[in-house]
>>> print(open('model-v9.pdb').read())   # PDB, N, CA and C atoms
ATOM      1  N   LYS A   1       7.013  -3.646 -15.999  1.00  0.00           N
ATOM      2  CA  LYS A   1       6.578  -2.301 -15.695  1.00  0.00           C
ATOM      3  C   LYS A   1       7.754  -1.485 -15.149  1.00  0.00           C
ATOM      4  N   ASN A   2       7.741  -0.202 -15.385  1.00  0.00           N
ATOM      5  CA  ASN A   2       8.801   0.689 -14.901  1.00  0.00           C
ATOM      6  C   ASN A   2       8.754   0.811 -13.387  1.00  0.00           C
ATOM      7  N   SER A   3       9.916   0.988 -12.781  1.00  0.00           N
ATOM      8  CA  SER A   3      10.013   1.149 -11.339  1.00  0.00           C
ATOM      9  C   SER A   3      10.932   2.313 -11.006  1.00  0.00           C
ATOM     10  N   VAL A   4      10.672   2.918  -9.878  1.00  0.00           N
ATOM     11  CA  VAL A   4      11.520   3.987  -9.363  1.00  0.00           C
ATOM     12  C   VAL A   4      11.840   3.650  -7.918  1.00  0.00           C
ATOM     13  N   ILE A   5      13.112   3.755  -7.548  1.00  0.00           N
ATOM     14  CA  ILE A   5      13.523   3.528  -6.166  1.00  0.00           C
ATOM     15  C   ILE A   5      13.918   4.870  -5.585  1.00  0.00           C
ATOM     16  N   ILE A   6      13.322   5.207  -4.461  1.00  0.00           N
ATOM     17  CA  ILE A   6      13.669   6.449  -3.763  1.00  0.00           C
ATOM     18  C   ILE A   6      14.371   6.061  -2.472  1.00  0.00           C
ATOM     19  N   MET A   7      15.608   6.503  -2.346  1.00  0.00           N
ATOM     20  CA  MET A   7      16.411   6.161  -1.176  1.00  0.00           C
ATOM     21  C   MET A   7      16.213   7.235  -0.117  1.00  0.00           C
ATOM     22  N   ASP A   8      15.725   6.841   1.028  1.00  0.00           N
ATOM     23  CA  ASP A   8      15.578   7.777   2.127  1.00  0.00           C
ATOM     24  C   ASP A   8      16.648   7.446   3.160  1.00  0.00           C
ATOM     25  N   ASN A   9      16.950   8.387   4.009  1.00  0.00           N
ATOM     26  CA  ASN A   9      18.000   8.243   5.007  1.00  0.00           C
ATOM     27  C   ASN A   9      19.373   8.022   4.359  1.00  0.00           C
ATOM     28  N   ALA A  10      19.552   8.610   3.185  1.00  0.00           N
ATOM     29  CA  ALA A  10      20.814   8.487   2.464  1.00  0.00           C
ATOM     30  C   ALA A  10      21.906   9.299   3.168  1.00  0.00           C
ATOM     31  N   ARG A  11      23.132   9.014   2.846  1.00  0.00           N
ATOM     32  CA  ARG A  11      24.284   9.687   3.455  1.00  0.00           C
ATOM     33  C   ARG A  11      24.180  11.213   3.326  1.00  0.00           C
ATOM     34  N   ILE A  12      23.634  11.681   2.205  1.00  0.00           N
ATOM     35  CA  ILE A  12      23.504  13.122   1.984  1.00  0.00           C
ATOM     36  C   ILE A  12      22.691  13.779   3.098  1.00  0.00           C
ATOM     37  N   HIS A  13      21.773  13.045   3.712  1.00  0.00           N
ATOM     38  CA  HIS A  13      20.953  13.608   4.778  1.00  0.00           C
ATOM     39  C   HIS A  13      21.732  13.855   6.064  1.00  0.00           C
ATOM     40  N   HIS A  14      22.948  13.357   6.139  1.00  0.00           N
ATOM     41  CA  HIS A  14      23.748  13.497   7.361  1.00  0.00           C
ATOM     42  C   HIS A  14      24.892  14.505   7.208  1.00  0.00           C
ATOM     43  N   ASP A  15      25.008  15.129   6.038  1.00  0.00           N
ATOM     44  CA  ASP A  15      26.018  16.151   5.791  1.00  0.00           C
ATOM     45  C   ASP A  15      25.338  17.510   5.939  1.00  0.00           C
ATOM     46  N   GLU A  16      25.699  18.247   6.977  1.00  0.00           N
ATOM     47  CA  GLU A  16      24.989  19.480   7.332  1.00  0.00           C
ATOM     48  C   GLU A  16      24.921  20.479   6.185  1.00  0.00           C
ATOM     49  N   GLU A  17      26.011  20.674   5.474  1.00  0.00           N
ATOM     50  CA  GLU A  17      26.013  21.637   4.370  1.00  0.00           C
ATOM     51  C   GLU A  17      25.108  21.172   3.232  1.00  0.00           C
ATOM     52  N   LEU A  18      25.179  19.899   2.904  1.00  0.00           N
ATOM     53  CA  LEU A  18      24.323  19.374   1.838  1.00  0.00           C
ATOM     54  C   LEU A  18      22.855  19.366   2.255  1.00  0.00           C
ATOM     55  N   VAL A  19      22.594  19.110   3.512  1.00  0.00           N
ATOM     56  CA  VAL A  19      21.214  19.125   4.005  1.00  0.00           C
ATOM     57  C   VAL A  19      20.606  20.509   3.793  1.00  0.00           C
ATOM     58  N   ARG A  20      21.338  21.543   4.129  1.00  0.00           N
ATOM     59  CA  ARG A  20      20.839  22.909   3.929  1.00  0.00           C
ATOM     60  C   ARG A  20      20.593  23.190   2.457  1.00  0.00           C
ATOM     61  N   LEU A  21      21.457  22.643   1.609  1.00  0.00           N
ATOM     62  CA  LEU A  21      21.354  22.870   0.171  1.00  0.00           C
ATOM     63  C   LEU A  21      20.100  22.243  -0.423  1.00  0.00           C
ATOM     64  N   VAL A  22      19.744  21.056   0.022  1.00  0.00           N
ATOM     65  CA  VAL A  22      18.617  20.341  -0.588  1.00  0.00           C
ATOM     66  C   VAL A  22      17.336  20.407   0.241  1.00  0.00           C
ATOM     67  N   GLU A  23      17.357  21.156   1.317  1.00  0.00           N
ATOM     68  CA  GLU A  23      16.212  21.205   2.218  1.00  0.00           C
ATOM     69  C   GLU A  23      14.920  21.617   1.520  1.00  0.00           C
ATOM     70  N   SER A  24      14.986  22.647   0.680  1.00  0.00           N
ATOM     71  CA  SER A  24      13.770  23.098  -0.001  1.00  0.00           C
ATOM     72  C   SER A  24      13.287  22.061  -1.007  1.00  0.00           C
ATOM     73  N   LEU A  25      14.215  21.338  -1.622  1.00  0.00           N
ATOM     74  CA  LEU A  25      13.807  20.263  -2.538  1.00  0.00           C
ATOM     75  C   LEU A  25      13.098  19.158  -1.777  1.00  0.00           C
ATOM     76  N   GLU A  26      13.596  18.844  -0.601  1.00  0.00           N
ATOM     77  CA  GLU A  26      12.960  17.816   0.231  1.00  0.00           C
ATOM     78  C   GLU A  26      11.524  18.212   0.567  1.00  0.00           C
ATOM     79  N   THR A  27      11.310  19.488   0.852  1.00  0.00           N
ATOM     80  CA  THR A  27       9.977  19.971   1.167  1.00  0.00           C
ATOM     81  C   THR A  27       9.065  19.825  -0.047  1.00  0.00           C
ATOM     82  N   ALA A  28       9.567  20.185  -1.218  1.00  0.00           N
ATOM     83  CA  ALA A  28       8.780  20.041  -2.448  1.00  0.00           C
ATOM     84  C   ALA A  28       8.485  18.570  -2.721  1.00  0.00           C
ATOM     85  N   PHE A  29       9.487  17.698  -2.587  1.00  0.00           N
ATOM     86  CA  PHE A  29       9.276  16.269  -2.811  1.00  0.00           C
ATOM     87  C   PHE A  29       8.257  15.709  -1.827  1.00  0.00           C
ATOM     88  N   SER A  30       8.302  16.178  -0.598  1.00  0.00           N
ATOM     89  CA  SER A  30       7.353  15.727   0.413  1.00  0.00           C
ATOM     90  C   SER A  30       5.924  16.103   0.015  1.00  0.00           C
ATOM     91  N   SER A  31       5.769  17.291  -0.506  1.00  0.00           N
ATOM     92  CA  SER A  31       4.457  17.750  -0.941  1.00  0.00           C
ATOM     93  C   SER A  31       3.948  16.914  -2.114  1.00  0.00           C
ATOM     94  N   ILE A  32       4.826  16.620  -3.057  1.00  0.00           N
ATOM     95  CA  ILE A  32       4.459  15.793  -4.214  1.00  0.00           C
ATOM     96  C   ILE A  32       4.119  14.376  -3.761  1.00  0.00           C
ATOM     97  N   LYS A  33       4.925  13.835  -2.860  1.00  0.00           N
ATOM     98  CA  LYS A  33       4.683  12.484  -2.346  1.00  0.00           C
ATOM     99  C   LYS A  33       3.334  12.395  -1.633  1.00  0.00           C
ATOM    100  N   ALA A  34       2.982  13.414  -0.869  1.00  0.00           N
ATOM    101  CA  ALA A  34       1.693  13.428  -0.178  1.00  0.00           C
ATOM    102  C   ALA A  34       0.548  13.448  -1.189  1.00  0.00           C
ATOM    103  N   TRP A  35       0.707  14.209  -2.273  1.00  0.00           N
ATOM    104  CA  TRP A  35      -0.327  14.259  -3.309  1.00  0.00           C
ATOM    105  C   TRP A  35      -0.482  12.884  -3.945  1.00  0.00           C
ATOM    106  N   ILE A  36       0.648  12.233  -4.223  1.00  0.00           N
ATOM    107  CA  ILE A  36       0.614  10.893  -4.827  1.00  0.00           C
ATOM    108  C   ILE A  36      -0.125   9.924  -3.909  1.00  0.00           C
ATOM    109  N   LYS A  37       0.148   9.971  -2.620  1.00  0.00           N
ATOM    110  CA  LYS A  37      -0.527   9.075  -1.674  1.00  0.00           C
ATOM    111  C   LYS A  37      -2.032   9.325  -1.657  1.00  0.00           C
ATOM    112  N   ARG A  38      -2.432  10.592  -1.711  1.00  0.00           N
ATOM    113  CA  ARG A  38      -3.869  10.920  -1.693  1.00  0.00           C
ATOM    114  C   ARG A  38      -4.570  10.526  -2.992  1.00  0.00           C
ATOM    115  N   HIS A  39      -3.827  10.446  -4.079  1.00  0.00           N
ATOM    116  CA  HIS A  39      -4.399  10.152  -5.399  1.00  0.00           C
ATOM    117  C   HIS A  39      -3.826   8.858  -5.978  1.00  0.00           C
ATOM    118  N   ARG A  40      -3.619   7.877  -5.132  1.00  0.00           N
ATOM    119  CA  ARG A  40      -3.009   6.610  -5.542  1.00  0.00           C
ATOM    120  C   ARG A  40      -3.786   5.934  -6.677  1.00  0.00           C
ATOM    121  N   TYR A  41      -5.113   6.044  -6.629  1.00  0.00           N
ATOM    122  CA  TYR A  41      -5.938   5.436  -7.676  1.00  0.00           C
ATOM    123  C   TYR A  41      -5.559   5.960  -9.048  1.00  0.00           C
ATOM    124  N   PHE A  42      -5.207   7.246  -9.134  1.00  0.00           N
ATOM    125  CA  PHE A  42      -4.802   7.846 -10.407  1.00  0.00           C
ATOM    126  C   PHE A  42      -3.520   7.192 -10.920  1.00  0.00           C
ATOM    127  N   PHE A  43      -2.555   6.999 -10.049  1.00  0.00           N
ATOM    128  CA  PHE A  43      -1.288   6.390 -10.444  1.00  0.00           C
ATOM    129  C   PHE A  43      -1.476   4.925 -10.819  1.00  0.00           C
ATOM    130  N   ASP A  44      -2.295   4.224 -10.067  1.00  0.00           N
ATOM    131  CA  ASP A  44      -2.520   2.811 -10.352  1.00  0.00           C
ATOM    132  C   ASP A  44      -3.216   2.591 -11.689  1.00  0.00           C
ATOM    133  N   SER A  45      -4.031   3.548 -12.096  1.00  0.00           N
ATOM    134  CA  SER A  45      -4.772   3.385 -13.346  1.00  0.00           C
ATOM    135  C   SER A  45      -4.088   4.034 -14.543  1.00  0.00           C
ATOM    136  N   SER A  46      -2.994   4.746 -14.321  1.00  0.00           N
ATOM    137  CA  SER A  46      -2.305   5.443 -15.408  1.00  0.00           C
ATOM    138  C   SER A  46      -1.418   4.486 -16.201  1.00  0.00           C
ATOM    139  N   ASP A  47      -1.477   4.611 -17.523  1.00  0.00           N
ATOM    140  CA  ASP A  47      -0.608   3.821 -18.402  1.00  0.00           C
ATOM    141  C   ASP A  47       0.732   4.510 -18.643  1.00  0.00           C
ATOM    142  N   ASP A  48       0.826   5.766 -18.249  1.00  0.00           N
ATOM    143  CA  ASP A  48       2.031   6.559 -18.504  1.00  0.00           C
ATOM    144  C   ASP A  48       2.550   7.136 -17.190  1.00  0.00           C
ATOM    145  N   PRO A  49       3.555   6.489 -16.584  1.00  0.00           N
ATOM    146  CA  PRO A  49       4.054   6.963 -15.289  1.00  0.00           C
ATOM    147  C   PRO A  49       4.676   8.360 -15.348  1.00  0.00           C
ATOM    148  N   VAL A  50       5.248   8.725 -16.483  1.00  0.00           N
ATOM    149  CA  VAL A  50       5.835  10.069 -16.603  1.00  0.00           C
ATOM    150  C   VAL A  50       4.726  11.116 -16.552  1.00  0.00           C
ATOM    151  N   TYR A  51       3.648  10.874 -17.276  1.00  0.00           N
ATOM    152  CA  TYR A  51       2.508  11.796 -17.244  1.00  0.00           C
ATOM    153  C   TYR A  51       1.928  11.880 -15.832  1.00  0.00           C
ATOM    154  N   ALA A  52       1.786  10.742 -15.181  1.00  0.00           N
ATOM    155  CA  ALA A  52       1.241  10.725 -13.822  1.00  0.00           C
ATOM    156  C   ALA A  52       2.112  11.557 -12.885  1.00  0.00           C
ATOM    157  N   LEU A  53       3.421  11.463 -13.024  1.00  0.00           N
ATOM    158  CA  LEU A  53       4.325  12.261 -12.189  1.00  0.00           C
ATOM    159  C   LEU A  53       4.223  13.743 -12.534  1.00  0.00           C
ATOM    160  N   GLU A  54       4.064  14.054 -13.820  1.00  0.00           N
ATOM    161  CA  GLU A  54       3.889  15.454 -14.222  1.00  0.00           C
ATOM    162  C   GLU A  54       2.622  16.039 -13.599  1.00  0.00           C
ATOM    163  N   VAL A  55       1.547  15.256 -13.553  1.00  0.00           N
ATOM    164  CA  VAL A  55       0.310  15.715 -12.928  1.00  0.00           C
ATOM    165  C   VAL A  55       0.541  15.978 -11.440  1.00  0.00           C
ATOM    166  N   ALA A  56       1.269  15.079 -10.781  1.00  0.00           N
ATOM    167  CA  ALA A  56       1.569  15.259  -9.358  1.00  0.00           C
ATOM    168  C   ALA A  56       2.397  16.527  -9.132  1.00  0.00           C
ATOM    169  N   CYS A  57       3.369  16.759  -9.985  1.00  0.00           N
ATOM    170  CA  CYS A  57       4.217  17.947  -9.838  1.00  0.00           C
ATOM    171  C   CYS A  57       3.449  19.231 -10.149  1.00  0.00           C
ATOM    172  N   ALA A  58       2.459  19.132 -11.016  1.00  0.00           N
ATOM    173  CA  ALA A  58       1.697  20.315 -11.421  1.00  0.00           C
ATOM    174  C   ALA A  58       0.878  20.898 -10.274  1.00  0.00           C
ATOM    175  N   HIS A  59       0.680  20.132  -9.206  1.00  0.00           N
ATOM    176  CA  HIS A  59      -0.090  20.674  -8.078  1.00  0.00           C
ATOM    177  C   HIS A  59       0.713  21.675  -7.259  1.00  0.00           C
ATOM    178  N   ILE A  60       2.020  21.766  -7.507  1.00  0.00           N
ATOM    179  CA  ILE A  60       2.853  22.757  -6.825  1.00  0.00           C
ATOM    180  C   ILE A  60       2.533  24.127  -7.420  1.00  0.00           C
ATOM    181  N   THR A  61       1.925  24.971  -6.633  1.00  0.00           N
ATOM    182  CA  THR A  61       1.548  26.302  -7.111  1.00  0.00           C
ATOM    183  C   THR A  61       2.755  27.245  -7.084  1.00  0.00           C
ATOM    184  N   SER A  62       2.607  28.379  -7.733  1.00  0.00           N
ATOM    185  CA  SER A  62       3.701  29.353  -7.712  1.00  0.00           C
ATOM    186  C   SER A  62       3.939  29.870  -6.294  1.00  0.00           C
ATOM    187  N   ASN A  63       2.882  29.980  -5.495  1.00  0.00           N
ATOM    188  CA  ASN A  63       3.059  30.398  -4.099  1.00  0.00           C
ATOM    189  C   ASN A  63       3.832  29.354  -3.309  1.00  0.00           C
ATOM    190  N   MET A  64       3.533  28.068  -3.553  1.00  0.00           N
ATOM    191  CA  MET A  64       4.265  26.995  -2.868  1.00  0.00           C
ATOM    192  C   MET A  64       5.734  27.025  -3.280  1.00  0.00           C
ATOM    193  N   ALA A  65       5.995  27.150  -4.590  1.00  0.00           N
ATOM    194  CA  ALA A  65       7.371  27.182  -5.086  1.00  0.00           C
ATOM    195  C   ALA A  65       8.120  28.373  -4.501  1.00  0.00           C
ATOM    196  N   ASN A  66       7.446  29.514  -4.408  1.00  0.00           N
ATOM    197  CA  ASN A  66       8.052  30.706  -3.816  1.00  0.00           C
ATOM    198  C   ASN A  66       8.406  30.451  -2.353  1.00  0.00           C
ATOM    199  N   GLY A  67       7.516  29.771  -1.634  1.00  0.00           N
ATOM    200  CA  GLY A  67       7.783  29.444  -0.237  1.00  0.00           C
ATOM    201  C   GLY A  67       8.965  28.488  -0.091  1.00  0.00           C
ATOM    202  N   PHE A  68       9.044  27.497  -0.983  1.00  0.00           N
ATOM    203  CA  PHE A  68      10.183  26.568  -0.950  1.00  0.00           C
ATOM    204  C   PHE A  68      11.487  27.332  -1.178  1.00  0.00           C
ATOM    205  N   PHE A  69      11.479  28.256  -2.157  1.00  0.00           N
ATOM    206  CA  PHE A  69      12.671  29.031  -2.452  1.00  0.00           C
ATOM    207  C   PHE A  69      13.039  29.946  -1.282  1.00  0.00           C
ATOM    208  N   ASN A  70      12.044  30.621  -0.711  1.00  0.00           N
ATOM    209  CA  ASN A  70      12.324  31.540   0.391  1.00  0.00           C
ATOM    210  C   ASN A  70      12.874  30.813   1.624  1.00  0.00           C
ATOM    211  N   ALA A  71      12.538  29.561   1.769  1.00  0.00           N
ATOM    212  CA  ALA A  71      13.040  28.780   2.900  1.00  0.00           C
ATOM    213  C   ALA A  71      14.425  28.185   2.613  1.00  0.00           C
ATOM    214  N   SER A  72      14.889  28.321   1.395  1.00  0.00           N
ATOM    215  CA  SER A  72      16.172  27.732   1.009  1.00  0.00           C
ATOM    216  C   SER A  72      17.332  28.671   1.322  1.00  0.00           C
ATOM    217  N   ILE A  73      18.534  28.134   1.176  1.00  0.00           N
ATOM    218  CA  ILE A  73      19.736  28.939   1.420  1.00  0.00           C
ATOM    219  C   ILE A  73      19.950  29.959   0.303  1.00  0.00           C
ATOM    220  N   TYR A  74      19.277  29.802  -0.845  1.00  0.00           N
ATOM    221  CA  TYR A  74      19.484  30.706  -1.968  1.00  0.00           C
ATOM    222  C   TYR A  74      18.822  32.056  -1.773  1.00  0.00           C
ATOM    223  N   SER A  75      17.836  32.131  -0.902  1.00  0.00           N
ATOM    224  CA  SER A  75      17.130  33.400  -0.711  1.00  0.00           C
ATOM    225  C   SER A  75      17.809  34.290   0.328  1.00  0.00           C
ATOM    226  N   LYS A  76      18.856  33.808   0.944  1.00  0.00           N
ATOM    227  CA  LYS A  76      19.497  34.563   2.023  1.00  0.00           C
ATOM    228  C   LYS A  76      20.650  35.400   1.514  1.00  0.00           C
TER     229      LYS A  76
END
>>> encode(input="model-v9.pdb", output="structure tokens")
Amino acid sequence: KNSVIIMDNARIHHDEELVRLVESLETAFSSIKAWIKRHRYFFDSSDDPVYALEVACAHITSNMANGFFNASIYSK
């Protein structure tokens, strides 16, 4: 079966400039991860992990994406 490894506490998290750069992505990933945890049964029963991830990402609304962008360094 396919596997994905997500490294947390990586070196990038300790570089202040890079942290600011990826901060909004971290917020989006956190939101997706929370959705996955709440809907674990869906992932466990899915035969297509790419589709399952697309479904998880699809819960990000345009308002949420706008908020992630506005909180990023790109909106300043």
>>> residues_around(input="model-v9.pdb", residues="range 43-56 of chain A", least_positions_apart="2", cutoff="8 Å", atoms="only N, CA and C atoms", output="NGL selection string")
:A and (2 or 31-33 or 35-36 or 39-41 or 58-60)
>>> atom_distance(input="model-v9.pdb", atom1="CA of Ser72 in chain A", atom2="atom C of Glu23 in chain A")
6.3 Å
>>> atom_distance(input="model-v9.pdb", atom1="atom C of Glu17 in chain A", atom2="CA of Lys37 in chain A")
28.8 Å
>>> atom_distance(input="model-v9.pdb", atom1="CA of Phe42 in chain A", atom2="atom N of Cys57 in chain A")
12.1 Å
>>> axis_aligned_box(input="model-v9.pdb", around="range 41-60 of chain A", padding_each_side="5 Å", output="AutoDock Vina command-line options")
--center_x -0.1 --center_y 13.4 --center_z -12.6 --size_x 21.8 --size_y 31.5 --size_z 22.0
